[in-house]
>>> print(open('target.cif').read())   # mmCIF, N, CA and C atoms
data_work
loop_
_atom_site.label_atom_id
_atom_site.label_comp_id
_atom_site.auth_asym_id
_atom_site.auth_seq_id
_atom_site.Cartn_x
_atom_site.Cartn_y
_atom_site.Cartn_z
N MET A 1 27.76 -56.81 -55.89
CA MET A 1 28.83 -55.91 -55.50
C MET A 1 28.24 -54.52 -55.27
N ARG A 2 28.61 -53.90 -54.18
CA ARG A 2 28.10 -52.57 -53.87
C ARG A 2 28.79 -51.52 -54.75
N PRO A 3 28.07 -50.44 -55.11
CA PRO A 3 28.65 -49.43 -56.00
C PRO A 3 29.95 -48.82 -55.48
N ASN A 4 30.13 -48.67 -54.18
CA ASN A 4 31.36 -48.07 -53.67
C ASN A 4 32.55 -49.03 -53.78
N ARG A 5 32.29 -50.26 -54.17
CA ARG A 5 33.37 -51.24 -54.33
C ARG A 5 33.78 -51.42 -55.79
N TYR A 6 33.13 -50.69 -56.70
CA TYR A 6 33.48 -50.79 -58.11
C TYR A 6 34.86 -50.18 -58.35
N SER A 7 35.54 -50.71 -59.33
CA SER A 7 36.80 -50.10 -59.74
C SER A 7 36.48 -48.78 -60.43
N GLU A 8 37.51 -48.00 -60.65
CA GLU A 8 37.33 -46.72 -61.36
C GLU A 8 36.74 -46.95 -62.75
N TYR A 9 37.24 -47.97 -63.41
CA TYR A 9 36.78 -48.28 -64.77
C TYR A 9 35.33 -48.74 -64.77
N ALA A 10 34.97 -49.60 -63.82
CA ALA A 10 33.59 -50.09 -63.74
C ALA A 10 32.63 -48.94 -63.44
N SER A 11 33.04 -48.03 -62.58
CA SER A 11 32.20 -46.86 -62.29
C SER A 11 32.03 -46.01 -63.53
N TYR A 12 33.10 -45.86 -64.31
CA TYR A 12 33.01 -45.09 -65.55
C TYR A 12 32.03 -45.76 -66.52
N ILE A 13 32.09 -47.07 -66.64
CA ILE A 13 31.21 -47.80 -67.56
C ILE A 13 29.74 -47.56 -67.19
N VAL A 14 29.43 -47.64 -65.90
CA VAL A 14 28.06 -47.40 -65.44
C VAL A 14 27.64 -45.97 -65.78
N MET A 15 28.50 -45.01 -65.46
CA MET A 15 28.19 -43.60 -65.75
C MET A 15 28.05 -43.37 -67.26
N ALA A 16 28.89 -44.00 -68.05
CA ALA A 16 28.83 -43.83 -69.51
C ALA A 16 27.52 -44.36 -70.07
N TYR A 17 27.09 -45.51 -69.60
CA TYR A 17 25.81 -46.05 -70.06
C TYR A 17 24.64 -45.17 -69.61
N ASN A 18 24.71 -44.64 -68.41
CA ASN A 18 23.64 -43.77 -67.91
C ASN A 18 23.59 -42.44 -68.66
N SER A 19 24.74 -42.00 -69.19
CA SER A 19 24.83 -40.68 -69.83
C SER A 19 25.00 -40.73 -71.34
N ASP A 20 24.91 -41.92 -71.92
CA ASP A 20 25.04 -42.08 -73.36
C ASP A 20 26.40 -41.60 -73.87
N LEU A 21 27.47 -42.03 -73.19
CA LEU A 21 28.84 -41.74 -73.60
C LEU A 21 29.49 -43.02 -74.09
N SER A 22 30.64 -42.91 -74.74
CA SER A 22 31.39 -44.09 -75.15
C SER A 22 31.82 -44.86 -73.92
N ALA A 23 31.65 -46.16 -73.96
CA ALA A 23 31.97 -47.00 -72.81
C ALA A 23 33.10 -47.96 -73.16
N ASN A 24 34.25 -47.42 -73.54
CA ASN A 24 35.41 -48.26 -73.82
C ASN A 24 36.62 -47.72 -73.05
N TYR A 25 37.72 -48.46 -73.10
CA TYR A 25 38.87 -48.08 -72.29
C TYR A 25 39.51 -46.78 -72.75
N GLU A 26 39.54 -46.54 -74.04
CA GLU A 26 40.11 -45.29 -74.56
C GLU A 26 39.32 -44.08 -74.05
N ALA A 27 38.00 -44.21 -74.05
CA ALA A 27 37.15 -43.13 -73.53
C ALA A 27 37.38 -42.94 -72.03
N PHE A 28 37.62 -44.03 -71.32
CA PHE A 28 37.91 -43.95 -69.89
C PHE A 28 39.19 -43.16 -69.63
N ILE A 29 40.22 -43.40 -70.41
CA ILE A 29 41.49 -42.68 -70.26
C ILE A 29 41.28 -41.19 -70.53
N ARG A 30 40.52 -40.85 -71.57
CA ARG A 30 40.22 -39.44 -71.86
C ARG A 30 39.41 -38.83 -70.71
N HIS A 31 38.50 -39.61 -70.16
CA HIS A 31 37.68 -39.16 -69.03
C HIS A 31 38.56 -38.81 -67.83
N LYS A 32 39.59 -39.62 -67.58
CA LYS A 32 40.50 -39.35 -66.46
C LYS A 32 41.25 -38.04 -66.68
N GLU A 33 41.62 -37.72 -67.92
CA GLU A 33 42.28 -36.45 -68.22
C GLU A 33 41.35 -35.28 -67.93
N VAL A 34 40.09 -35.44 -68.31
CA VAL A 34 39.10 -34.39 -68.05
C VAL A 34 38.87 -34.23 -66.55
N LEU A 35 38.86 -35.34 -65.80
CA LEU A 35 38.71 -35.27 -64.34
C LEU A 35 39.82 -34.45 -63.70
N ALA A 36 41.05 -34.69 -64.13
CA ALA A 36 42.19 -33.93 -63.59
C ALA A 36 42.03 -32.45 -63.90
N PHE A 37 41.57 -32.15 -65.10
CA PHE A 37 41.34 -30.76 -65.51
C PHE A 37 40.24 -30.12 -64.67
N LEU A 38 39.16 -30.85 -64.45
CA LEU A 38 38.06 -30.34 -63.62
C LEU A 38 38.51 -30.08 -62.19
N ASN A 39 39.34 -30.95 -61.66
CA ASN A 39 39.87 -30.75 -60.30
C ASN A 39 40.68 -29.46 -60.23
N GLN A 40 41.41 -29.15 -61.28
CA GLN A 40 42.16 -27.89 -61.33
C GLN A 40 41.21 -26.70 -61.35
N ILE A 41 40.14 -26.80 -62.13
CA ILE A 41 39.16 -25.70 -62.19
C ILE A 41 38.54 -25.47 -60.82
N VAL A 42 38.18 -26.54 -60.14
CA VAL A 42 37.55 -26.43 -58.82
C VAL A 42 38.49 -25.82 -57.80
N SER A 43 39.76 -26.16 -57.87
CA SER A 43 40.70 -25.73 -56.84
C SER A 43 41.19 -24.29 -57.01
N LYS A 44 40.98 -23.69 -58.17
CA LYS A 44 41.45 -22.32 -58.41
C LYS A 44 40.29 -21.34 -58.37
N THR A 45 40.50 -20.20 -57.73
CA THR A 45 39.43 -19.21 -57.61
C THR A 45 39.45 -18.18 -58.73
N GLY A 46 40.56 -17.97 -59.36
CA GLY A 46 40.66 -16.96 -60.41
C GLY A 46 40.03 -17.40 -61.71
N ASP A 47 40.21 -16.56 -62.72
CA ASP A 47 39.65 -16.81 -64.04
C ASP A 47 40.56 -17.68 -64.90
N THR A 48 41.85 -17.74 -64.56
CA THR A 48 42.81 -18.55 -65.31
C THR A 48 43.52 -19.50 -64.35
N PHE A 49 44.10 -20.56 -64.92
CA PHE A 49 44.84 -21.53 -64.11
C PHE A 49 45.83 -22.27 -64.99
N LEU A 50 46.78 -22.93 -64.35
CA LEU A 50 47.83 -23.67 -65.04
C LEU A 50 47.52 -25.16 -64.96
N HIS A 51 47.54 -25.83 -66.11
CA HIS A 51 47.32 -27.28 -66.16
C HIS A 51 48.33 -27.88 -67.13
N ASN A 52 49.17 -28.77 -66.63
CA ASN A 52 50.21 -29.43 -67.44
C ASN A 52 51.06 -28.43 -68.23
N GLY A 53 51.43 -27.34 -67.59
CA GLY A 53 52.31 -26.37 -68.22
C GLY A 53 51.65 -25.39 -69.17
N THR A 54 50.34 -25.45 -69.30
CA THR A 54 49.60 -24.55 -70.19
C THR A 54 48.63 -23.72 -69.36
N ILE A 55 48.54 -22.44 -69.68
CA ILE A 55 47.60 -21.56 -68.98
C ILE A 55 46.26 -21.61 -69.72
N TYR A 56 45.21 -21.88 -68.96
CA TYR A 56 43.85 -21.95 -69.50
C TYR A 56 42.97 -20.90 -68.86
N LYS A 57 42.01 -20.41 -69.62
CA LYS A 57 40.97 -19.54 -69.10
C LYS A 57 39.75 -20.42 -68.86
N LYS A 58 39.13 -20.29 -67.70
CA LYS A 58 37.99 -21.13 -67.36
C LYS A 58 36.81 -20.85 -68.30
N LYS A 59 36.25 -21.92 -68.87
CA LYS A 59 35.06 -21.78 -69.70
C LYS A 59 33.81 -22.14 -68.91
N ILE A 60 34.00 -22.75 -67.75
CA ILE A 60 32.89 -23.01 -66.84
C ILE A 60 33.30 -22.51 -65.46
N THR A 61 32.34 -22.28 -64.61
CA THR A 61 32.65 -21.79 -63.26
C THR A 61 33.11 -22.95 -62.38
N SER A 62 33.70 -22.59 -61.25
CA SER A 62 34.13 -23.61 -60.29
C SER A 62 32.94 -24.41 -59.76
N SER A 63 31.81 -23.76 -59.56
CA SER A 63 30.64 -24.47 -59.05
C SER A 63 30.07 -25.43 -60.10
N GLU A 64 30.13 -25.06 -61.39
CA GLU A 64 29.71 -25.99 -62.44
C GLU A 64 30.64 -27.20 -62.49
N ALA A 65 31.93 -26.95 -62.33
CA ALA A 65 32.90 -28.05 -62.32
C ALA A 65 32.65 -28.96 -61.12
N ARG A 66 32.37 -28.37 -59.97
CA ARG A 66 32.10 -29.16 -58.76
C ARG A 66 30.85 -30.02 -58.95
N SER A 67 29.80 -29.46 -59.54
CA SER A 67 28.57 -30.24 -59.73
C SER A 67 28.79 -31.35 -60.75
N LEU A 68 29.63 -31.11 -61.76
CA LEU A 68 29.97 -32.15 -62.72
C LEU A 68 30.73 -33.28 -62.05
N LEU A 69 31.69 -32.94 -61.20
CA LEU A 69 32.44 -33.95 -60.46
C LEU A 69 31.53 -34.73 -59.52
N ASP A 70 30.64 -34.03 -58.82
CA ASP A 70 29.69 -34.71 -57.93
C ASP A 70 28.81 -35.68 -58.72
N GLY A 71 28.41 -35.28 -59.91
CA GLY A 71 27.61 -36.16 -60.75
C GLY A 71 28.35 -37.42 -61.15
N PHE A 72 29.65 -37.31 -61.40
CA PHE A 72 30.45 -38.49 -61.75
C PHE A 72 30.41 -39.52 -60.63
N PHE A 73 30.45 -39.04 -59.40
CA PHE A 73 30.44 -39.96 -58.26
C PHE A 73 29.06 -40.56 -58.02
N GLN A 74 28.05 -40.00 -58.66
CA GLN A 74 26.69 -40.55 -58.57
C GLN A 74 26.30 -41.25 -59.87
N ASN A 75 27.29 -41.53 -60.70
CA ASN A 75 27.12 -42.23 -61.97
C ASN A 75 26.17 -41.53 -62.93
N ARG A 76 26.28 -40.22 -62.98
CA ARG A 76 25.53 -39.44 -63.97
C ARG A 76 26.43 -38.31 -64.45
N CYS A 77 26.03 -37.70 -65.56
CA CYS A 77 26.90 -36.69 -66.15
C CYS A 77 26.08 -35.71 -66.97
N ASN A 78 26.44 -34.43 -66.89
CA ASN A 78 25.85 -33.41 -67.75
C ASN A 78 26.72 -33.38 -69.01
N LYS A 79 26.23 -34.00 -70.06
CA LYS A 79 27.03 -34.20 -71.27
C LYS A 79 27.45 -32.89 -71.93
N SER A 80 26.59 -31.89 -71.92
CA SER A 80 26.94 -30.62 -72.58
C SER A 80 28.07 -29.90 -71.84
N THR A 81 28.04 -29.88 -70.52
CA THR A 81 29.11 -29.25 -69.75
C THR A 81 30.41 -30.03 -69.91
N LEU A 82 30.30 -31.36 -69.90
CA LEU A 82 31.48 -32.20 -70.10
C LEU A 82 32.12 -31.92 -71.45
N ARG A 83 31.30 -31.73 -72.47
CA ARG A 83 31.83 -31.42 -73.81
C ARG A 83 32.57 -30.10 -73.85
N ILE A 84 32.06 -29.10 -73.14
CA ILE A 84 32.73 -27.79 -73.10
C ILE A 84 34.13 -27.94 -72.54
N VAL A 85 34.25 -28.68 -71.44
CA VAL A 85 35.55 -28.87 -70.79
C VAL A 85 36.46 -29.71 -71.67
N ALA A 86 35.95 -30.80 -72.23
CA ALA A 86 36.77 -31.67 -73.08
C ALA A 86 37.26 -30.93 -74.32
N ASN A 87 36.41 -30.10 -74.91
CA ASN A 87 36.82 -29.33 -76.09
C ASN A 87 37.94 -28.35 -75.76
N GLN A 88 37.92 -27.83 -74.56
CA GLN A 88 39.00 -26.93 -74.16
C GLN A 88 40.33 -27.66 -74.13
N LEU A 89 40.31 -28.94 -73.81
CA LEU A 89 41.52 -29.76 -73.80
C LEU A 89 41.79 -30.42 -75.15
N LYS A 90 40.90 -30.16 -76.13
CA LYS A 90 40.99 -30.80 -77.45
C LYS A 90 40.84 -32.32 -77.37
N ILE A 91 39.94 -32.74 -76.46
CA ILE A 91 39.62 -34.16 -76.28
C ILE A 91 38.22 -34.37 -76.82
N ARG A 92 38.07 -35.40 -77.62
CA ARG A 92 36.76 -35.70 -78.19
C ARG A 92 36.01 -36.66 -77.28
N ILE A 93 34.81 -36.27 -76.92
CA ILE A 93 33.98 -37.10 -76.03
C ILE A 93 32.94 -37.82 -76.86
#
>>> encode(input="target.cif", output="structure tokens")
Amino acid sequence: MRPNRYSEYASYIVMAYNSDLSANYEAFIRHKEVLAFLNQIVSKTGDTFLHNGTIYKKKITSSEARSLLDGFFQNRCNKSTLRIVANQLKIRI
């Protein structure tokens, strides 16, 4: 099966194994929440943004968020940057 034909979950499993992250369904659901948050960071130019009714101050830059998202699509991840974002959402990675 070609990598572009993997399901979202299968792609997460590959990325998790490559990045030494938890590779279970609960971790996948948390990962999807972080992805939505990262997309918000990338789409906003200011220092603050609204996500799910809460105002957040960016702890990483838009370009860092973009590179993290690009890494996800290449099945790799910068674990320290991911932790910064997840901690802001109070999600344990």
>>> residues_around(input="target.cif", residues="Ile60 (chain A)", least_positions_apart="2", cutoff="8 Å", atoms="only C-alpha atoms", output="JSON, numbers by chain")
{"A": [58, 62, 64, 65, 81, 84, 85]}
>>> select_by_dssp(input="target.cif", residues="region 8-53 of chain A", states="helix (DSSP H, G or I)", output="compact mmCIF listing (two decimals) with N, CA and C atoms, keeping the file's coordinate frame")
# COMPACT_ATOMS: atom_id res chain seq x y z
N GLU A 8 37.51 -48.00 -60.65
CA GLU A 8 37.33 -46.72 -61.36
C GLU A 8 36.74 -46.95 -62.75
N TYR A 9 37.24 -47.97 -63.41
CA TYR A 9 36.78 -48.28 -64.77
C TYR A 9 35.33 -48.74 -64.77
N ALA A 10 34.97 -49.60 -63.82
CA ALA A 10 33.59 -50.09 -63.74
C ALA A 10 32.63 -48.94 -63.44
N SER A 11 33.04 -48.03 -62.58
CA SER A 11 32.20 -46.86 -62.29
C SER A 11 32.03 -46.01 -63.53
N TYR A 12 33.10 -45.86 -64.31
CA TYR A 12 33.01 -45.09 -65.55
C TYR A 12 32.03 -45.76 -66.52
N ILE A 13 32.09 -47.07 -66.64
CA ILE A 13 31.21 -47.80 -67.56
C ILE A 13 29.74 -47.56 -67.19
N VAL A 14 29.43 -47.64 -65.90
CA VAL A 14 28.06 -47.40 -65.44
C VAL A 14 27.64 -45.97 -65.78
N MET A 15 28.50 -45.01 -65.46
CA MET A 15 28.19 -43.60 -65.75
C MET A 15 28.05 -43.37 -67.26
N ALA A 16 28.89 -44.00 -68.05
CA ALA A 16 28.83 -43.83 -69.51
C ALA A 16 27.52 -44.36 -70.07
N TYR A 17 27.09 -45.51 -69.60
CA TYR A 17 25.81 -46.05 -70.06
C TYR A 17 24.64 -45.17 -69.61
N ASN A 18 24.71 -44.64 -68.41
CA ASN A 18 23.64 -43.77 -67.91
C ASN A 18 23.59 -42.44 -68.66
N SER A 19 24.74 -42.00 -69.19
CA SER A 19 24.83 -40.68 -69.83
C SER A 19 25.00 -40.73 -71.34
N TYR A 25 37.72 -48.46 -73.10
CA TYR A 25 38.87 -48.08 -72.29
C TYR A 25 39.51 -46.78 -72.75
N GLU A 26 39.54 -46.54 -74.04
CA GLU A 26 40.11 -45.29 -74.56
C GLU A 26 39.32 -44.08 -74.05
N ALA A 27 38.00 -44.21 -74.05
CA ALA A 27 37.15 -43.13 -73.53
C ALA A 27 37.38 -42.94 -72.03
N PHE A 28 37.62 -44.03 -71.32
CA PHE A 28 37.91 -43.95 -69.89
C PHE A 28 39.19 -43.16 -69.63
N ILE A 29 40.22 -43.40 -70.41
CA ILE A 29 41.49 -42.68 -70.26
C ILE A 29 41.28 -41.19 -70.53
N ARG A 30 40.52 -40.85 -71.57
CA ARG A 30 40.22 -39.44 -71.86
C ARG A 30 39.41 -38.83 -70.71
N HIS A 31 38.50 -39.61 -70.16
CA HIS A 31 37.68 -39.16 -69.03
C HIS A 31 38.56 -38.81 -67.83
N LYS A 32 39.59 -39.62 -67.58
CA LYS A 32 40.50 -39.35 -66.46
C LYS A 32 41.25 -38.04 -66.68
N GLU A 33 41.62 -37.72 -67.92
CA GLU A 33 42.28 -36.45 -68.22
C GLU A 33 41.35 -35.28 -67.93
N VAL A 34 40.09 -35.44 -68.31
CA VAL A 34 39.10 -34.39 -68.05
C VAL A 34 38.87 -34.23 -66.55
N LEU A 35 38.86 -35.34 -65.80
CA LEU A 35 38.71 -35.27 -64.34
C LEU A 35 39.82 -34.45 -63.70
N ALA A 36 41.05 -34.69 -64.13
CA ALA A 36 42.19 -33.93 -63.59
C ALA A 36 42.03 -32.45 -63.90
N PHE A 37 41.57 -32.15 -65.10
CA PHE A 37 41.34 -30.76 -65.51
C PHE A 37 40.24 -30.12 -64.67
N LEU A 38 39.16 -30.85 -64.45
CA LEU A 38 38.06 -30.34 -63.62
C LEU A 38 38.51 -30.08 -62.19
N ASN A 39 39.34 -30.95 -61.66
CA ASN A 39 39.87 -30.75 -60.30
C ASN A 39 40.68 -29.46 -60.23
N GLN A 40 41.41 -29.15 -61.28
CA GLN A 40 42.16 -27.89 -61.33
C GLN A 40 41.21 -26.70 -61.35
N ILE A 41 40.14 -26.80 -62.13
CA ILE A 41 39.16 -25.70 -62.19
C ILE A 41 38.54 -25.47 -60.82
N VAL A 42 38.18 -26.54 -60.14
CA VAL A 42 37.55 -26.43 -58.82
C VAL A 42 38.49 -25.82 -57.80
N SER A 43 39.76 -26.16 -57.87
CA SER A 43 40.70 -25.73 -56.84
C SER A 43 41.19 -24.29 -57.01
>>> residues_around(input="target.cif", residues="His51 (chain A)", least_positions_apart="4", cutoff="7 Å", atoms="all atoms listed in the file", output="JSON, numbers by chain")
{"A": [37, 55, 56]}
>>> select_by_dssp(input="target.cif", residues="chain A", states="strand (DSSP E or B)", output="list of chain:residue names")
A:Thr48, A:Phe49, A:Leu50, A:His51, A:Thr54, A:Ile55, A:Tyr56, A:Lys57
>>> write_last_selection(input="target.cif", atoms="N, CA and C atoms", output="PDB file, keeping the file's coordinate frame")
ATOM      1  N   THR A  48      41.850 -17.740 -64.560  1.00  0.00           N
ATOM      2  CA  THR A  48      42.810 -18.550 -65.310  1.00  0.00           C
ATOM      3  C   THR A  48      43.520 -19.500 -64.350  1.00  0.00           C
ATOM      4  N   PHE A  49      44.100 -20.560 -64.920  1.00  0.00           N
ATOM      5  CA  PHE A  49      44.840 -21.530 -64.110  1.00  0.00           C
ATOM      6  C   PHE A  49      45.830 -22.270 -64.990  1.00  0.00           C
ATOM      7  N   LEU A  50      46.780 -22.930 -64.350  1.00  0.00           N
ATOM      8  CA  LEU A  50      47.830 -23.670 -65.040  1.00  0.00           C
ATOM      9  C   LEU A  50      47.520 -25.160 -64.960  1.00  0.00           C
ATOM     10  N   HIS A  51      47.540 -25.830 -66.110  1.00  0.00           N
ATOM     11  CA  HIS A  51      47.320 -27.280 -66.160  1.00  0.00           C
ATOM     12  C   HIS A  51      48.330 -27.880 -67.130  1.00  0.00           C
ATOM     13  N   THR A  54      50.340 -25.450 -69.300  1.00  0.00           N
ATOM     14  CA  THR A  54      49.600 -24.550 -70.190  1.00  0.00           C
ATOM     15  C   THR A  54      48.630 -23.720 -69.360  1.00  0.00           C
ATOM     16  N   ILE A  55      48.540 -22.440 -69.680  1.00  0.00           N
ATOM     17  CA  ILE A  55      47.600 -21.560 -68.980  1.00  0.00           C
ATOM     18  C   ILE A  55      46.260 -21.610 -69.720  1.00  0.00           C
ATOM     19  N   TYR A  56      45.210 -21.880 -68.960  1.00  0.00           N
ATOM     20  CA  TYR A  56      43.850 -21.950 -69.500  1.00  0.00           C
ATOM     21  C   TYR A  56      42.970 -20.900 -68.860  1.00  0.00           C
ATOM     22  N   LYS A  57      42.010 -20.410 -69.620  1.00  0.00           N
ATOM     23  CA  LYS A  57      40.970 -19.540 -69.100  1.00  0.00           C
ATOM     24  C   LYS A  57      39.750 -20.420 -68.860  1.00  0.00           C
TER      25      LYS A  57
END
>>> atom_distance(input="target.cif", atom1="atom C of Ala16 (chain A)", atom2="atom C of Asn75 (chain A)")
7.8 Å
>>> atom_distance(input="target.cif", atom1="CA of Asp70 (chain A)", atom2="CA of Gly53 (chain A)")
26.2 Å
>>> closest_residue(input="target.cif", among="A:Leu35, A:Lys57, A:Val14, A:Thr45", to="Gln74 (chain A)", atoms="all atoms listed in the file")
A:Val14
>>> atom_distance(input="target.cif", atom1="CA of Arg76 (chain A)", atom2="atom N of Lys44 (chain A)")
22.8 Å
>>> residues_around(input="target.cif", residues="Ser80 (chain A)", least_positions_apart="6", cutoff="12 Å", atoms="only C-alpha atoms", output="list of chain:residue names")
A:Ser19, A:Asp20, A:Leu21, A:Ile60, A:Glu64, A:Leu68, A:Ala86, A:Asn87, A:Ile93
